[in-house]
>>> print(open('target02.pdb').read())   # PDB, C-alpha atoms
ATOM      1  CA  MET A 590     -12.721  11.407  -3.713  1.00  0.00           C
ATOM      2  CA  ASN A 591     -10.390   8.614  -4.731  1.00  0.00           C
ATOM      3  CA  PHE A 592      -8.702   7.116  -1.689  1.00  0.00           C
ATOM      4  CA  VAL A 593      -6.136   5.107  -3.708  1.00  0.00           C
ATOM      5  CA  VAL A 594      -3.373   6.926  -5.584  1.00  0.00           C
ATOM      6  CA  GLU A 595      -2.053   5.182  -8.685  1.00  0.00           C
ATOM      7  CA  ILE A 596       1.734   5.231  -9.017  1.00  0.00           C
ATOM      8  CA  THR A 597       2.851   5.340 -12.643  1.00  0.00           C
ATOM      9  CA  THR A 598       6.567   6.294 -12.539  1.00  0.00           C
ATOM     10  CA  GLU A 599       9.702   5.592 -10.517  1.00  0.00           C
ATOM     11  CA  ALA A 600       9.968   9.310  -9.734  1.00  0.00           C
ATOM     12  CA  GLN A 601       6.460   9.274  -8.273  1.00  0.00           C
ATOM     13  CA  PHE A 602       7.296   6.140  -6.225  1.00  0.00           C
ATOM     14  CA  LYS A 603      10.394   7.846  -4.869  1.00  0.00           C
ATOM     15  CA  THR A 604       8.548  11.046  -3.944  1.00  0.00           C
ATOM     16  CA  GLU A 605       5.351   9.468  -2.605  1.00  0.00           C
ATOM     17  CA  ILE A 606       6.814   6.425  -0.836  1.00  0.00           C
ATOM     18  CA  LEU A 607      10.526   6.748  -0.148  1.00  0.00           C
ATOM     19  CA  GLU A 608      10.636  10.462   0.663  1.00  0.00           C
ATOM     20  CA  THR A 609       7.447  10.862   2.713  1.00  0.00           C
ATOM     21  CA  PRO A 610       8.205  10.371   6.429  1.00  0.00           C
ATOM     22  CA  GLY A 611       5.764   9.436   9.153  1.00  0.00           C
ATOM     23  CA  THR A 612       3.033   7.971   6.950  1.00  0.00           C
ATOM     24  CA  LEU A 613       2.144   4.321   6.536  1.00  0.00           C
ATOM     25  CA  GLN A 614       1.885   3.599   2.818  1.00  0.00           C
ATOM     26  CA  VAL A 615       0.091   0.464   1.659  1.00  0.00           C
ATOM     27  CA  ILE A 616       0.873  -0.364  -1.966  1.00  0.00           C
ATOM     28  CA  GLU A 617      -1.092  -2.893  -3.962  1.00  0.00           C
ATOM     29  CA  VAL A 618       1.136  -4.337  -6.693  1.00  0.00           C
ATOM     30  CA  PHE A 619      -1.029  -5.803  -9.435  1.00  0.00           C
ATOM     31  CA  GLN A 620      -0.720  -6.965 -13.046  1.00  0.00           C
ATOM     32  CA  GLY A 621      -1.743  -4.512 -15.744  1.00  0.00           C
ATOM     33  CA  TRP A 622      -3.658  -7.210 -17.598  1.00  0.00           C
ATOM     34  CA  CYS A 623      -5.599  -8.057 -14.449  1.00  0.00           C
ATOM     35  CA  GLY A 624      -6.007  -4.682 -12.719  1.00  0.00           C
ATOM     36  CA  PRO A 625      -6.241  -3.870  -9.016  1.00  0.00           C
ATOM     37  CA  CYS A 626      -8.009  -6.441  -6.885  1.00  0.00           C
ATOM     38  CA  LYS A 627     -11.607  -5.362  -6.418  1.00  0.00           C
ATOM     39  CA  ALA A 628     -12.062  -7.749  -3.471  1.00  0.00           C
ATOM     40  CA  VAL A 629      -9.736  -5.742  -1.234  1.00  0.00           C
ATOM     41  CA  GLN A 630     -10.945  -2.274  -2.254  1.00  0.00           C
ATOM     42  CA  SER A 631     -13.852  -2.259   0.219  1.00  0.00           C
ATOM     43  CA  THR A 632     -11.516  -3.230   3.086  1.00  0.00           C
ATOM     44  CA  PHE A 633      -9.084  -0.445   2.220  1.00  0.00           C
ATOM     45  CA  LYS A 634     -11.863   2.091   1.731  1.00  0.00           C
ATOM     46  CA  ARG A 635     -13.312   1.296   5.166  1.00  0.00           C
ATOM     47  CA  LEU A 636      -9.875   1.542   6.793  1.00  0.00           C
ATOM     48  CA  TYR A 637      -9.129   4.793   4.985  1.00  0.00           C
ATOM     49  CA  PHE A 638     -12.273   6.470   6.317  1.00  0.00           C
ATOM     50  CA  ASP A 639     -12.293   4.796   9.761  1.00  0.00           C
ATOM     51  CA  LEU A 640      -8.651   5.729  10.405  1.00  0.00           C
ATOM     52  CA  ASN A 641      -8.697   9.199   8.859  1.00  0.00           C
ATOM     53  CA  ASP A 642      -6.955  10.603  11.952  1.00  0.00           C
ATOM     54  CA  ARG A 643      -3.866   8.457  11.243  1.00  0.00           C
ATOM     55  CA  PRO A 644      -1.034   9.117   8.803  1.00  0.00           C
ATOM     56  CA  LEU A 645      -2.099   6.500   6.247  1.00  0.00           C
ATOM     57  CA  LYS A 646      -2.210   6.387   2.424  1.00  0.00           C
ATOM     58  CA  PHE A 647      -3.123   3.687  -0.080  1.00  0.00           C
ATOM     59  CA  TYR A 648      -1.504   3.258  -3.488  1.00  0.00           C
ATOM     60  CA  SER A 649      -1.700   0.912  -6.438  1.00  0.00           C
ATOM     61  CA  VAL A 650       0.893   0.196  -9.092  1.00  0.00           C
ATOM     62  CA  ALA A 651       1.074  -2.150 -12.067  1.00  0.00           C
ATOM     63  CA  ALA A 652       4.123  -4.362 -11.493  1.00  0.00           C
ATOM     64  CA  GLU A 653       5.351  -4.010 -15.062  1.00  0.00           C
ATOM     65  CA  ARG A 654       5.491  -0.201 -14.811  1.00  0.00           C
ATOM     66  CA  LEU A 655       8.430  -0.063 -12.399  1.00  0.00           C
ATOM     67  CA  PRO A 656      11.665  -2.019 -12.886  1.00  0.00           C
ATOM     68  CA  MET A 657      12.042  -2.218  -9.085  1.00  0.00           C
ATOM     69  CA  LEU A 658       8.933  -4.427  -8.997  1.00  0.00           C
ATOM     70  CA  LYS A 659      10.132  -6.903 -11.649  1.00  0.00           C
ATOM     71  CA  ASP A 660       9.976  -9.790  -9.153  1.00  0.00           C
ATOM     72  CA  TYR A 661       6.192  -9.409  -9.079  1.00  0.00           C
ATOM     73  CA  VAL A 662       5.605  -9.326 -12.860  1.00  0.00           C
ATOM     74  CA  GLY A 663       3.596 -12.247 -14.208  1.00  0.00           C
ATOM     75  CA  LYS A 664       2.196 -13.307 -10.851  1.00  0.00           C
ATOM     76  CA  CYS A 665      -1.548 -13.721 -10.972  1.00  0.00           C
ATOM     77  CA  ILE A 666      -2.012 -12.765  -7.311  1.00  0.00           C
ATOM     78  CA  PRO A 667      -1.775  -9.246  -5.857  1.00  0.00           C
ATOM     79  CA  VAL A 668       1.009  -8.323  -3.458  1.00  0.00           C
ATOM     80  CA  PHE A 669       0.681  -5.679  -0.777  1.00  0.00           C
ATOM     81  CA  LEU A 670       3.766  -3.772   0.348  1.00  0.00           C
ATOM     82  CA  PHE A 671       3.810  -1.793   3.589  1.00  0.00           C
ATOM     83  CA  PHE A 672       6.235   1.143   3.744  1.00  0.00           C
ATOM     84  CA  LYS A 673       6.925   3.731   6.427  1.00  0.00           C
ATOM     85  CA  ASP A 674       9.725   6.296   6.586  1.00  0.00           C
ATOM     86  CA  GLY A 675      11.144   5.036   3.292  1.00  0.00           C
ATOM     87  CA  LYS A 676      11.513   1.454   4.497  1.00  0.00           C
ATOM     88  CA  GLN A 677       9.558  -1.634   3.552  1.00  0.00           C
ATOM     89  CA  LEU A 678       8.102  -3.127   6.743  1.00  0.00           C
ATOM     90  CA  GLU A 679       5.883  -5.983   5.557  1.00  0.00           C
ATOM     91  CA  VAL A 680       4.719  -7.901   2.498  1.00  0.00           C
ATOM     92  CA  VAL A 681       1.398  -9.724   2.190  1.00  0.00           C
ATOM     93  CA  VAL A 682       0.910 -12.023  -0.785  1.00  0.00           C
ATOM     94  CA  GLY A 683      -2.684 -12.498  -1.851  1.00  0.00           C
ATOM     95  CA  VAL A 684      -5.946 -11.067  -0.624  1.00  0.00           C
ATOM     96  CA  GLN A 685      -5.751 -11.878   3.055  1.00  0.00           C
ATOM     97  CA  ALA A 686      -8.208  -9.337   4.466  1.00  0.00           C
ATOM     98  CA  PRO A 687      -7.632 -10.187   8.165  1.00  0.00           C
ATOM     99  CA  ALA A 688      -3.832  -9.874   7.819  1.00  0.00           C
ATOM    100  CA  LEU A 689      -4.105  -6.666   5.784  1.00  0.00           C
ATOM    101  CA  ASN A 690      -6.538  -5.179   8.287  1.00  0.00           C
ATOM    102  CA  ARG A 691      -4.335  -6.114  11.273  1.00  0.00           C
ATOM    103  CA  LEU A 692      -1.170  -4.721   9.697  1.00  0.00           C
ATOM    104  CA  VAL A 693      -2.818  -1.436   8.746  1.00  0.00           C
ATOM    105  CA  MET A 694      -4.172  -1.051  12.293  1.00  0.00           C
ATOM    106  CA  GLU A 695      -0.837  -1.916  13.941  1.00  0.00           C
ATOM    107  CA  LEU A 696       1.535  -0.088  11.624  1.00  0.00           C
ATOM    108  CA  SER A 697      -0.536   3.096  11.346  1.00  0.00           C
ATOM    109  CA  ALA A 698      -0.995   3.489  15.099  1.00  0.00           C
ATOM    110  CA  VAL A 699       0.567   6.673  16.389  1.00  0.00           C
ATOM    111  CA  LYS A 700       2.993   5.750  19.145  1.00  0.00           C
ATOM    112  CA  ALA A 701       2.968   7.782  22.345  1.00  0.00           C
ATOM    113  CA  ALA A 702       6.072   9.896  22.833  1.00  0.00           C
ATOM    114  CA  ALA A 703       8.753   8.239  24.953  1.00  0.00           C
ATOM    115  CA  GLY A 704       8.600   9.346  28.537  1.00  0.00           C
ATOM    116  CA  ALA A 705       5.090  10.746  28.161  1.00  0.00           C
TER
END
>>> encode(input="target02.pdb", output="structure tokens")
Amino acid sequence: MNFVVEITTEAQFKTEILETPGTLQVIEVFQGWCGPCKAVQSTFKRLYFDLNDRPLKFYSVAAERLPMLKDYVGKCIPVFLFFKDGKQLEVVVGVQAPALNRLVMELSAVKAAAGA
């Protein structure tokens, strides 16, 4: 089972990320000539399986594939975008495992209902 979904089109980005409510989506933006960062894959895999009771999905996308990611093209360092309910919440530049881990834990936590 592959725990990271590769995004290849703007339509897929719109459907998977912008139109999927209630799920934390972590997107690794990488360079096609470099590929996804292998160093962070083990961290994401552990989080994916440890937090399988949370609404959480991991994605990867080559920056040059989507015009909306043009600001990231040519950068030699991966960027991680955190989306939820169609909104970008956070950006982490570079492989910062502690920050990525903390954000996934915090942003994927299911909040108790108000007044409960």
>>> atom_distance(input="target02.pdb", atom1="atom CA of A:Phe619", atom2="atom CA of A:Ala698")
26.2 Å
>>> closest_residue(input="target02.pdb", among="A:Val650, A:Gln614, A:Glu605, A:Thr632", to="A:Val662", atoms="all atoms listed in the file")
A:Val650
>>> resolve_selection(input="target02.pdb", expression="the PyMOL selection byres ((chain A and resi 672-679) around 6)", output="mmCIF file with C-alpha atoms, in the frame of the given file")
data_model
loop_
_atom_site.group_PDB
_atom_site.id
_atom_site.type_symbol
_atom_site.label_atom_id
_atom_site.label_comp_id
_atom_site.auth_asym_id
_atom_site.auth_seq_id
_atom_site.Cartn_x
_atom_site.Cartn_y
_atom_site.Cartn_z
ATOM 1 C CA LEU A 607 10.526 6.748 -0.148
ATOM 2 C CA PRO A 610 8.205 10.371 6.429
ATOM 3 C CA GLY A 611 5.764 9.436 9.153
ATOM 4 C CA THR A 612 3.033 7.971 6.950
ATOM 5 C CA LEU A 613 2.144 4.321 6.536
ATOM 6 C CA GLN A 614 1.885 3.599 2.818
ATOM 7 C CA PHE A 671 3.810 -1.793 3.589
ATOM 8 C CA VAL A 680 4.719 -7.901 2.498
#
>>> atom_distance(input="target02.pdb", atom1="atom CA of A:Leu640", atom2="atom CA of A:Leu692")
12.9 Å
>>> atom_distance(input="target02.pdb", atom1="atom CA of A:Asn641", atom2="atom CA of A:Pro687")
19.4 Å
>>> closest_residue(input="target02.pdb", among="A:Arg691, A:Lys659, A:Arg654, A:Arg635", to="A:Trp622", atoms="only C-alpha atoms")
A:Arg654
>>> residues_around(input="target02.pdb", residues="A:Pro625", least_positions_apart="3", cutoff="8 Å", atoms="only C-alpha atoms", output="mmCIF file with C-alpha atoms, in the frame of the given file")
data_model
loop_
_atom_site.group_PDB
_atom_site.id
_atom_site.type_symbol
_atom_site.label_atom_id
_atom_site.label_comp_id
_atom_site.auth_asym_id
_atom_site.auth_seq_id
_atom_site.Cartn_x
_atom_site.Cartn_y
_atom_site.Cartn_z
ATOM 1 C CA GLU A 617 -1.092 -2.893 -3.962
ATOM 2 C CA VAL A 618 1.136 -4.337 -6.693
ATOM 3 C CA PHE A 619 -1.029 -5.803 -9.435
ATOM 4 C CA GLN A 620 -0.720 -6.965 -13.046
ATOM 5 C CA SER A 649 -1.700 0.912 -6.438
ATOM 6 C CA PRO A 667 -1.775 -9.246 -5.857
#
>>> closest_residue(input="target02.pdb", among="A:Met657, A:Val693, A:Ala688, A:Val682", to="A:Phe669", atoms="only C-alpha atoms")
A:Val682
>>> closest_residue(input="target02.pdb", among="A:Arg643, A:Glu653, A:Lys664, A:Val593", to="A:Leu696", atoms="only C-alpha atoms")
A:Arg643
>>> closest_residue(input="target02.pdb", among="A:Leu636, A:Ala628, A:Ala652, A:Met694", to="A:Glu599", atoms="all atoms listed in the file")
A:Ala652
>>> axis_aligned_box(input="target02.pdb", around="stretch 600-608 of chain A", padding_each_side="3 Å", output="JSON")
{"center_x": 8.0, "center_y": 8.6, "center_z": -4.5, "size_x": 11.3, "size_y": 10.9, "size_z": 16.4}
>>> resolve_selection(input="target02.pdb", expression="the PyMOL selection byres ((chain A and resi 596) around 7)", output="mmCIF file with C-alpha atoms, keeping the file's coordinate frame")
data_model
loop_
_atom_site.group_PDB
_atom_site.id
_atom_site.type_symbol
_atom_site.label_atom_id
_atom_site.label_comp_id
_atom_site.auth_asym_id
_atom_site.auth_seq_id
_atom_site.Cartn_x
_atom_site.Cartn_y
_atom_site.Cartn_z
ATOM 1 C CA VAL A 594 -3.373 6.926 -5.584
ATOM 2 C CA GLU A 595 -2.053 5.182 -8.685
ATOM 3 C CA THR A 597 2.851 5.340 -12.643
ATOM 4 C CA THR A 598 6.567 6.294 -12.539
ATOM 5 C CA GLN A 601 6.460 9.274 -8.273
ATOM 6 C CA PHE A 602 7.296 6.140 -6.225
ATOM 7 C CA TYR A 648 -1.504 3.258 -3.488
ATOM 8 C CA SER A 649 -1.700 0.912 -6.438
ATOM 9 C CA VAL A 650 0.893 0.196 -9.092
#
>>> closest_residue(input="target02.pdb", among="A:Leu645, A:Cys623, A:Val629, A:Ile616", to="A:Val668", atoms="all atoms listed in the file")
A:Ile616
>>> decode(input="target02.pdb", residues="stretch 596-622 of chain A", atoms="N, CA and C atoms", output="compact mmCIF listing (two decimals), in the first residue's frame")
# COMPACT_ATOMS: atom_id res chain seq x y z
N ILE A 596 0.24 13.77 -7.00
CA ILE A 596 -0.66 14.67 -7.71
C ILE A 596 0.02 15.03 -9.03
N THR A 597 -0.72 14.85 -10.14
CA THR A 597 -0.12 15.10 -11.45
C THR A 597 -0.84 16.17 -12.26
N THR A 598 -2.04 16.60 -11.83
CA THR A 598 -2.79 17.60 -12.59
C THR A 598 -3.44 18.62 -11.65
N GLU A 599 -3.79 19.77 -12.21
CA GLU A 599 -4.49 20.79 -11.42
C GLU A 599 -5.87 20.28 -11.00
N ALA A 600 -6.53 19.54 -11.88
CA ALA A 600 -7.85 18.99 -11.55
C ALA A 600 -7.75 18.05 -10.35
N GLN A 601 -6.72 17.22 -10.32
CA GLN A 601 -6.52 16.32 -9.19
C GLN A 601 -6.24 17.11 -7.92
N PHE A 602 -5.41 18.16 -8.01
CA PHE A 602 -5.13 19.02 -6.85
C PHE A 602 -6.42 19.61 -6.31
N LYS A 603 -7.24 20.12 -7.22
CA LYS A 603 -8.50 20.73 -6.80
C LYS A 603 -9.40 19.72 -6.09
N THR A 604 -9.56 18.55 -6.67
CA THR A 604 -10.42 17.52 -6.09
C THR A 604 -9.86 16.98 -4.78
N GLU A 605 -8.60 16.60 -4.78
CA GLU A 605 -7.98 15.96 -3.61
C GLU A 605 -7.74 16.93 -2.46
N ILE A 606 -7.32 18.16 -2.76
CA ILE A 606 -6.89 19.09 -1.72
C ILE A 606 -7.94 20.15 -1.42
N LEU A 607 -8.37 20.87 -2.42
CA LEU A 607 -9.25 22.01 -2.19
C LEU A 607 -10.70 21.64 -1.91
N GLU A 608 -11.13 20.47 -2.38
CA GLU A 608 -12.53 20.09 -2.24
C GLU A 608 -12.75 18.91 -1.30
N THR A 609 -11.78 18.61 -0.46
CA THR A 609 -11.91 17.50 0.49
C THR A 609 -11.90 18.06 1.91
N PRO A 610 -13.07 18.22 2.52
CA PRO A 610 -13.13 18.83 3.86
C PRO A 610 -12.75 17.85 4.97
N GLY A 611 -12.27 18.44 6.07
CA GLY A 611 -12.05 17.68 7.29
C GLY A 611 -10.79 16.85 7.37
N THR A 612 -9.99 16.85 6.33
CA THR A 612 -8.77 16.03 6.30
C THR A 612 -7.55 16.93 6.23
N LEU A 613 -6.55 16.63 7.05
CA LEU A 613 -5.28 17.33 6.93
C LEU A 613 -4.52 16.71 5.77
N GLN A 614 -4.11 17.56 4.82
CA GLN A 614 -3.35 17.10 3.67
C GLN A 614 -1.95 17.71 3.75
N VAL A 615 -0.96 16.85 3.74
CA VAL A 615 0.44 17.28 3.75
C VAL A 615 1.00 17.00 2.36
N ILE A 616 1.45 18.07 1.69
CA ILE A 616 1.90 17.96 0.31
C ILE A 616 3.39 18.28 0.24
N GLU A 617 4.15 17.33 -0.23
CA GLU A 617 5.57 17.56 -0.48
C GLU A 617 5.72 18.07 -1.90
N VAL A 618 6.23 19.30 -2.05
CA VAL A 618 6.49 19.88 -3.36
C VAL A 618 7.98 19.68 -3.63
N PHE A 619 8.28 18.95 -4.69
CA PHE A 619 9.66 18.63 -5.01
C PHE A 619 9.96 19.00 -6.46
N GLN A 620 11.20 18.87 -6.86
CA GLN A 620 11.62 19.12 -8.24
C GLN A 620 11.66 17.81 -9.00
N GLY A 621 11.11 17.80 -10.19
CA GLY A 621 11.08 16.58 -10.99
C GLY A 621 12.45 15.99 -11.22
N TRP A 622 13.46 16.82 -11.38
CA TRP A 622 14.81 16.34 -11.63
C TRP A 622 15.47 15.79 -10.37
